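Shown next, in structure tokens, is the structure this report addresses.
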Amino acid sequence: MALTQFLCRGPNFLKPLTATSLGRTLKIPMCFWNDYLRKVSVHDGKSFSTKIVLGIETSCDDTGAAVVDETGSILGEALHSQTDVHLKTGGIIPSVAQQLHQENIARVVQHAVSASGVNMEDISAIATTVMPGLALSLGIGLKYSLELVKKHQKPFIPIHHMEAHALTARLTNLVAFPFLVLLLSGGHCILAVAQGVSDFLLLGETKDIAPGDMLDKVARSLSLHNHPECSGMNGGRAIETLARQGNILRYKFTIPMLRYRDCTFSFAGLQSEITRKISKEEKAEGLLEGQHLSCLPDLAAAALHAMTVHIAERTHRAILFCKEKGIIPPGKETLVVSGGVASNQYVRRSLQLLADATNFTLVCPPPRLCTDNGVMIAWNGIEKLSAGLDIFYHLENFRYEPKAPLGTDISEQVKEAFIKVPGLNLAV
């Protein structure tokens, strides 16, 4: 069969095939196949077009945009990071983040669309993060998006930031519903079951600060912003870098909430304990301003280990709960881990040990897709567009929501199950 005949047999013929399966069968270069799928084919005089979504992300301190199609091809993307600015101020200042989003959003979106090779008229819908996040940041993304929607007469798809993180794994891997998902970031720590697009069961979340926030605070206590090995790194990355050289056995911090048999997280107490230890060691060494502790790598390693053990213990209980209640069918047990802290390799290795011990398959998106980005928003838009969910054509009084729960809360059921978690050695 000629290649041109094979590619022009119409939408019904192409429907069950993917870029991977067809491309490999015919040994077609992937760039050629993906370019083909972005174009319109003709069958019996009718046109057939691939769904394409523009995603826009401004929930916190990164301005992101991307164009993604229904095959999972990332056609174009752009990201403006505010990290360098916020490192100088010691943290994210909402008004500063808002100003930087305002200054960069048009350029970022235009670059993503231009890089995609498609025109705005080719885009099927515009998807934008509207919850949760910093109010001032969300407002910039929503305002700009609605202006685009109005100008180009496109449907609008509102995106829940944490749902987008959870479903990114379905862009990069063949992950079927339902699956267990652990979301780790600077603002969130959530365990949930993804039953479908926009259909989640909440098993537990942090009751105070998130793991990324804890690592940032510990990094500031250790003055890592001016450490020669950590220049330009955020707190979590700096802690991870130094922890590679440290001994996790030198210091032992209290693992939070071990006597509570639920899936709730808490990092504030652990962060306070670590900060107290840092102050004690600084006094013992008689440090001058700008000097760093000689035991810094060991402190970083012990802090990262304690945080990870807490995360793994709660996740272990979630796995056992899902098995006990039959929430996830046997043979399809998958743990998806996403969010900025999910790019931490120590955390990933520890969760891999947990997955292996419980016969779960661990799936983590690539590190660059774990942090906030436009790709995950565009892909969530594709998922919703394909499922016919949350597609708006009339946008009167549309609002962003700084605080928004994820799915249906069944955390009390987890607590009532009172599941004891067996010990697991995570000293990796």
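Ordering of the structure tokens sets the chain letters (A, B, ...); residue numbers start at 1 within each chain; ligands are numbered from 1 in the order shown.
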**Request:** List the neighbours of Glu205 of chain A out to 6 Å using only C-alpha atoms; skip same-chain residues closer than 3 positions along the sequence, and give me the result as a VMD selection string.
**Result:** chain A and resid 189 to 190 264 to 265
Would you write out those residues with C-alpha atoms, as a PDB file, in the first residue's frame?
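The resulting selection_34.pdb:
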ATOM      1  CA  CYS A 189       0.660  18.050  49.244  1.00  0.00           C
ATOM      2  CA  ILE A 190      -2.272  15.877  48.195  1.00  0.00           C
ATOM      3  CA  THR A 264      -3.057  13.838  56.318  1.00  0.00           C
ATOM      4  CA  PHE A 265       0.331  15.539  56.028  1.00  0.00           C
TER       5      PHE A 265
END
Selection near segment 383-392 of chain A, 7 Å with only C-alpha atoms, sequence-local residues under 5 positions removed, as a PDB file with N, CA and C atoms, in the first residue's frame:
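What follows is the written file result-v5.pdb:
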ATOM      1  N   PRO A 155     -13.789  28.670  22.370  1.00  0.00           N
ATOM      2  CA  PRO A 155     -14.319  28.166  23.642  1.00  0.00           C
ATOM      3  C   PRO A 155     -13.258  28.327  24.737  1.00  0.00           C
ATOM      4  N   PHE A 156     -13.729  28.475  25.973  1.00  0.00           N
ATOM      5  CA  PHE A 156     -12.819  28.631  27.109  1.00  0.00           C
ATOM      6  C   PHE A 156     -12.950  27.432  28.048  1.00  0.00           C
ATOM      7  N   ILE A 157     -11.808  26.893  28.490  1.00  0.00           N
ATOM      8  CA  ILE A 157     -11.802  25.742  29.395  1.00  0.00           C
ATOM      9  C   ILE A 157     -11.052  26.128  30.672  1.00  0.00           C
ATOM     10  N   PRO A 158     -11.752  26.283  31.794  1.00  0.00           N
ATOM     11  CA  PRO A 158     -11.076  26.598  33.061  1.00  0.00           C
ATOM     12  C   PRO A 158     -10.383  25.362  33.618  1.00  0.00           C
ATOM     13  N   VAL A 197     -11.405  12.192  34.163  1.00  0.00           N
ATOM     14  CA  VAL A 197     -11.134  13.614  33.965  1.00  0.00           C
ATOM     15  C   VAL A 197     -12.082  14.415  34.861  1.00  0.00           C
TER      16      VAL A 197
END
**Message:** I'd like the contact shell of Thr358 of chain A - 10 Å cut-off, only C-alpha atoms, skipping same-chain residues fewer than 5 positions apart - returned as a ChimeraX atom specification.
**Reply:** /A:316,319-320,323,333,352-353
I need the residues from that last selection saved to file as a PDB file, in the first residue's frame (with N, CA, C and O atoms), if you can.
ATOM      1  N   HIS A 316       1.970   5.094  51.579  1.00  0.00           N
ATOM      2  CA  HIS A 316       1.834   3.655  51.815  1.00  0.00           C
ATOM      3  C   HIS A 316       0.432   3.336  52.343  1.00  0.00           C
ATOM      4  O   HIS A 316      -0.208   2.389  51.892  1.00  0.00           O
ATOM      5  N   ILE A 319      -2.098   3.508  49.574  1.00  0.00           N
ATOM      6  CA  ILE A 319      -2.038   2.301  48.740  1.00  0.00           C
ATOM      7  C   ILE A 319      -2.804   1.163  49.404  1.00  0.00           C
ATOM      8  O   ILE A 319      -3.618   0.477  48.760  1.00  0.00           O
ATOM      9  N   LEU A 320      -2.562   0.953  50.698  1.00  0.00           N
ATOM     10  CA  LEU A 320      -3.238  -0.125  51.418  1.00  0.00           C
ATOM     11  C   LEU A 320      -4.747   0.116  51.500  1.00  0.00           C
ATOM     12  O   LEU A 320      -5.541  -0.823  51.405  1.00  0.00           O
ATOM     13  N   LYS A 323      -6.307  -0.746  48.137  1.00  0.00           N
ATOM     14  CA  LYS A 323      -6.386  -2.197  47.977  1.00  0.00           C
ATOM     15  C   LYS A 323      -7.503  -2.782  48.826  1.00  0.00           C
ATOM     16  O   LYS A 323      -8.282  -3.627  48.364  1.00  0.00           O
ATOM     17  N   GLU A 333      -2.628  -1.339  39.240  1.00  0.00           N
ATOM     18  CA  GLU A 333      -2.200  -0.468  40.335  1.00  0.00           C
ATOM     19  C   GLU A 333      -1.084   0.481  39.877  1.00  0.00           C
ATOM     20  O   GLU A 333       0.020   0.037  39.564  1.00  0.00           O
ATOM     21  N   GLN A 352       9.864   4.858  44.598  1.00  0.00           N
ATOM     22  CA  GLN A 352      10.044   3.669  43.758  1.00  0.00           C
ATOM     23  C   GLN A 352      10.188   2.431  44.628  1.00  0.00           C
ATOM     24  O   GLN A 352       9.625   1.362  44.313  1.00  0.00           O
ATOM     25  N   LEU A 353      10.909   2.550  45.746  1.00  0.00           N
ATOM     26  CA  LEU A 353      11.027   1.442  46.685  1.00  0.00           C
ATOM     27  C   LEU A 353       9.653   1.057  47.239  1.00  0.00           C
ATOM     28  O   LEU A 353       9.328  -0.124  47.366  1.00  0.00           O
TER      29      LEU A 353
END
With a distance cut-off of 8 Å and only C-alpha atoms, select the neighbouring residues of Ala318 of chain A, excluding the residue or stretch itself and same-chain residues fewer than 2 positions from it, and output the selection as a PDB file with N, CA, C and O atoms, in the first residue's frame.
ATOM      1  N   LEU A 191      -2.941  13.565  48.390  1.00  0.00           N
ATOM      2  CA  LEU A 191      -3.120  12.187  47.944  1.00  0.00           C
ATOM      3  C   LEU A 191      -4.558  12.035  47.467  1.00  0.00           C
ATOM      4  O   LEU A 191      -5.496  12.388  48.187  1.00  0.00           O
ATOM      5  N   LEU A 203      -7.990  11.703  49.388  1.00  0.00           N
ATOM      6  CA  LEU A 203      -7.670  10.839  50.516  1.00  0.00           C
ATOM      7  C   LEU A 203      -7.026  11.602  51.665  1.00  0.00           C
ATOM      8  O   LEU A 203      -7.181  11.229  52.834  1.00  0.00           O
ATOM      9  N   CYS A 263      -4.244   9.857  56.036  1.00  0.00           N
ATOM     10  CA  CYS A 263      -3.357  10.297  54.953  1.00  0.00           C
ATOM     11  C   CYS A 263      -3.128  11.806  54.978  1.00  0.00           C
ATOM     12  O   CYS A 263      -2.798  12.414  53.952  1.00  0.00           O
ATOM     13  N   ARG A 314       2.585   8.106  54.519  1.00  0.00           N
ATOM     14  CA  ARG A 314       1.184   8.450  54.226  1.00  0.00           C
ATOM     15  C   ARG A 314       0.751   7.836  52.885  1.00  0.00           C
ATOM     16  O   ARG A 314      -0.390   7.373  52.734  1.00  0.00           O
ATOM     17  N   THR A 315       1.663   7.830  51.925  1.00  0.00           N
ATOM     18  CA  THR A 315       1.353   7.247  50.616  1.00  0.00           C
ATOM     19  C   THR A 315       1.166   5.738  50.734  1.00  0.00           C
ATOM     20  O   THR A 315       0.290   5.148  50.076  1.00  0.00           O
ATOM     21  N   HIS A 316       1.970   5.094  51.579  1.00  0.00           N
ATOM     22  CA  HIS A 316       1.834   3.655  51.815  1.00  0.00           C
ATOM     23  C   HIS A 316       0.432   3.336  52.343  1.00  0.00           C
ATOM     24  O   HIS A 316      -0.208   2.389  51.892  1.00  0.00           O
ATOM     25  N   LEU A 320      -2.562   0.953  50.698  1.00  0.00           N
ATOM     26  CA  LEU A 320      -3.238  -0.125  51.418  1.00  0.00           C
ATOM     27  C   LEU A 320      -4.747   0.116  51.500  1.00  0.00           C
ATOM     28  O   LEU A 320      -5.541  -0.823  51.405  1.00  0.00           O
ATOM     29  N   PHE A 321      -5.141   1.377  51.649  1.00  0.00           N
ATOM     30  CA  PHE A 321      -6.565   1.727  51.689  1.00  0.00           C
ATOM     31  C   PHE A 321      -7.226   1.405  50.345  1.00  0.00           C
ATOM     32  O   PHE A 321      -8.316   0.824  50.301  1.00  0.00           O
ATOM     33  N   CYS A 322      -6.578   1.791  49.254  1.00  0.00           N
ATOM     34  CA  CYS A 322      -7.138   1.525  47.925  1.00  0.00           C
ATOM     35  C   CYS A 322      -7.273   0.029  47.666  1.00  0.00           C
ATOM     36  O   CYS A 322      -8.246  -0.435  47.057  1.00  0.00           O
ATOM     37  N   VAL A 414     -10.713   7.130  55.219  1.00  0.00           N
ATOM     38  CA  VAL A 414      -9.352   6.643  55.409  1.00  0.00           C
ATOM     39  C   VAL A 414      -9.035   6.568  56.901  1.00  0.00           C
ATOM     40  O   VAL A 414      -8.476   5.580  57.385  1.00  0.00           O
TER      41      VAL A 414
END
**Item:** Expected answer as a ChimeraX atom specification: alpha helix (DSSP H) residues in segment 53-183 of chain A
**Value:** /A:83-89,94-116,135-152,161-167,169-172
**Prompt:** Neighbours of segment 226-239 of chain A within 9 Å (only C-alpha atoms; same-chain residues fewer than 2 positions away dropped), as number ranges by chain?
**Reply:** A: 83-84, 87, 186, 211-220, 223-224, 241-244, 290-292, 297, 300-301, 303-304, 341, 344
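Nearest to Gly141 of chain A of all the residues A:Arg107, A:His101, A:His165, A:Arg170 is A:His101, based on only C-alpha atoms.
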**Request:** Could you give me, as a VMD selection string, each residue of segment 105-344 of chain A that DSSP assigns to strand (DSSP E) when run on this structure's backbone?
**Result:** chain A and resid 125 to 131 156 to 160 179 to 184 189 to 196 199 to 205 334 to 338
**Item:** Distance query segment 270-279 of chain A at most 9 Å, only C-alpha atoms, self and fewer than 4 positions along chain excluded, as a list in words
**Value:** Met214, Leu215, Lys217, Val218, Ser221, Leu222, Phe253, Thr254, Ile255, Pro256, Ser266, Lys283, Ala284, Leu293, Leu296, Leu299, Ala303, Ala306 and Met307 of chain A
**Prompt:** Residues at most 8 Å from Ser59 of chain A, counting only C-alpha atoms, excluding those fewer than 4 positions away in the same chain, as a PyMOL selection string?
**Reply:** chain A and resi 129-135+137-138+141+161
Please save N, CA and C atoms of the selected residues as a PDB file, in the first residue's frame.
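Final output, again-v3.pdb:
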ATOM      1  N   THR A 129      -5.422  28.190  33.787  1.00  0.00           N
ATOM      2  CA  THR A 129      -5.532  27.921  35.216  1.00  0.00           C
ATOM      3  C   THR A 129      -6.369  29.003  35.882  1.00  0.00           C
ATOM      4  N   VAL A 130      -7.426  28.595  36.574  1.00  0.00           N
ATOM      5  CA  VAL A 130      -8.263  29.554  37.297  1.00  0.00           C
ATOM      6  C   VAL A 130      -8.345  29.240  38.792  1.00  0.00           C
ATOM      7  N   MET A 131      -7.759  28.075  39.204  1.00  0.00           N
ATOM      8  CA  MET A 131      -7.797  27.668  40.603  1.00  0.00           C
ATOM      9  C   MET A 131      -6.813  26.519  40.815  1.00  0.00           C
ATOM     10  N   PRO A 132      -6.318  26.319  42.047  1.00  0.00           N
ATOM     11  CA  PRO A 132      -6.074  27.348  43.048  1.00  0.00           C
ATOM     12  C   PRO A 132      -4.759  28.052  42.743  1.00  0.00           C
ATOM     13  N   GLY A 133      -4.391  29.047  43.558  1.00  0.00           N
ATOM     14  CA  GLY A 133      -3.152  29.767  43.328  1.00  0.00           C
ATOM     15  C   GLY A 133      -3.187  31.137  43.964  1.00  0.00           C
ATOM     16  N   LEU A 134      -2.190  31.961  43.649  1.00  0.00           N
ATOM     17  CA  LEU A 134      -2.160  33.334  44.144  1.00  0.00           C
ATOM     18  C   LEU A 134      -3.192  34.152  43.384  1.00  0.00           C
ATOM     19  N   ALA A 135      -4.039  34.843  44.120  1.00  0.00           N
ATOM     20  CA  ALA A 135      -5.137  35.586  43.492  1.00  0.00           C
ATOM     21  C   ALA A 135      -4.635  36.575  42.440  1.00  0.00           C
ATOM     22  N   SER A 137      -1.895  36.578  40.742  1.00  0.00           N
ATOM     23  CA  SER A 137      -1.323  35.887  39.578  1.00  0.00           C
ATOM     24  C   SER A 137      -2.414  35.266  38.707  1.00  0.00           C
ATOM     25  N   LEU A 138      -3.366  34.594  39.337  1.00  0.00           N
ATOM     26  CA  LEU A 138      -4.475  33.995  38.596  1.00  0.00           C
ATOM     27  C   LEU A 138      -5.242  35.045  37.794  1.00  0.00           C
ATOM     28  N   GLY A 141      -3.632  35.874  34.336  1.00  0.00           N
ATOM     29  CA  GLY A 141      -3.851  34.838  33.324  1.00  0.00           C
ATOM     30  C   GLY A 141      -5.273  34.792  32.830  1.00  0.00           C
ATOM     31  N   HIS A 161      -5.520  23.706  38.766  1.00  0.00           N
ATOM     32  CA  HIS A 161      -4.071  23.532  38.683  1.00  0.00           C
ATOM     33  C   HIS A 161      -3.622  22.134  39.117  1.00  0.00           C
TER      34      HIS A 161
END
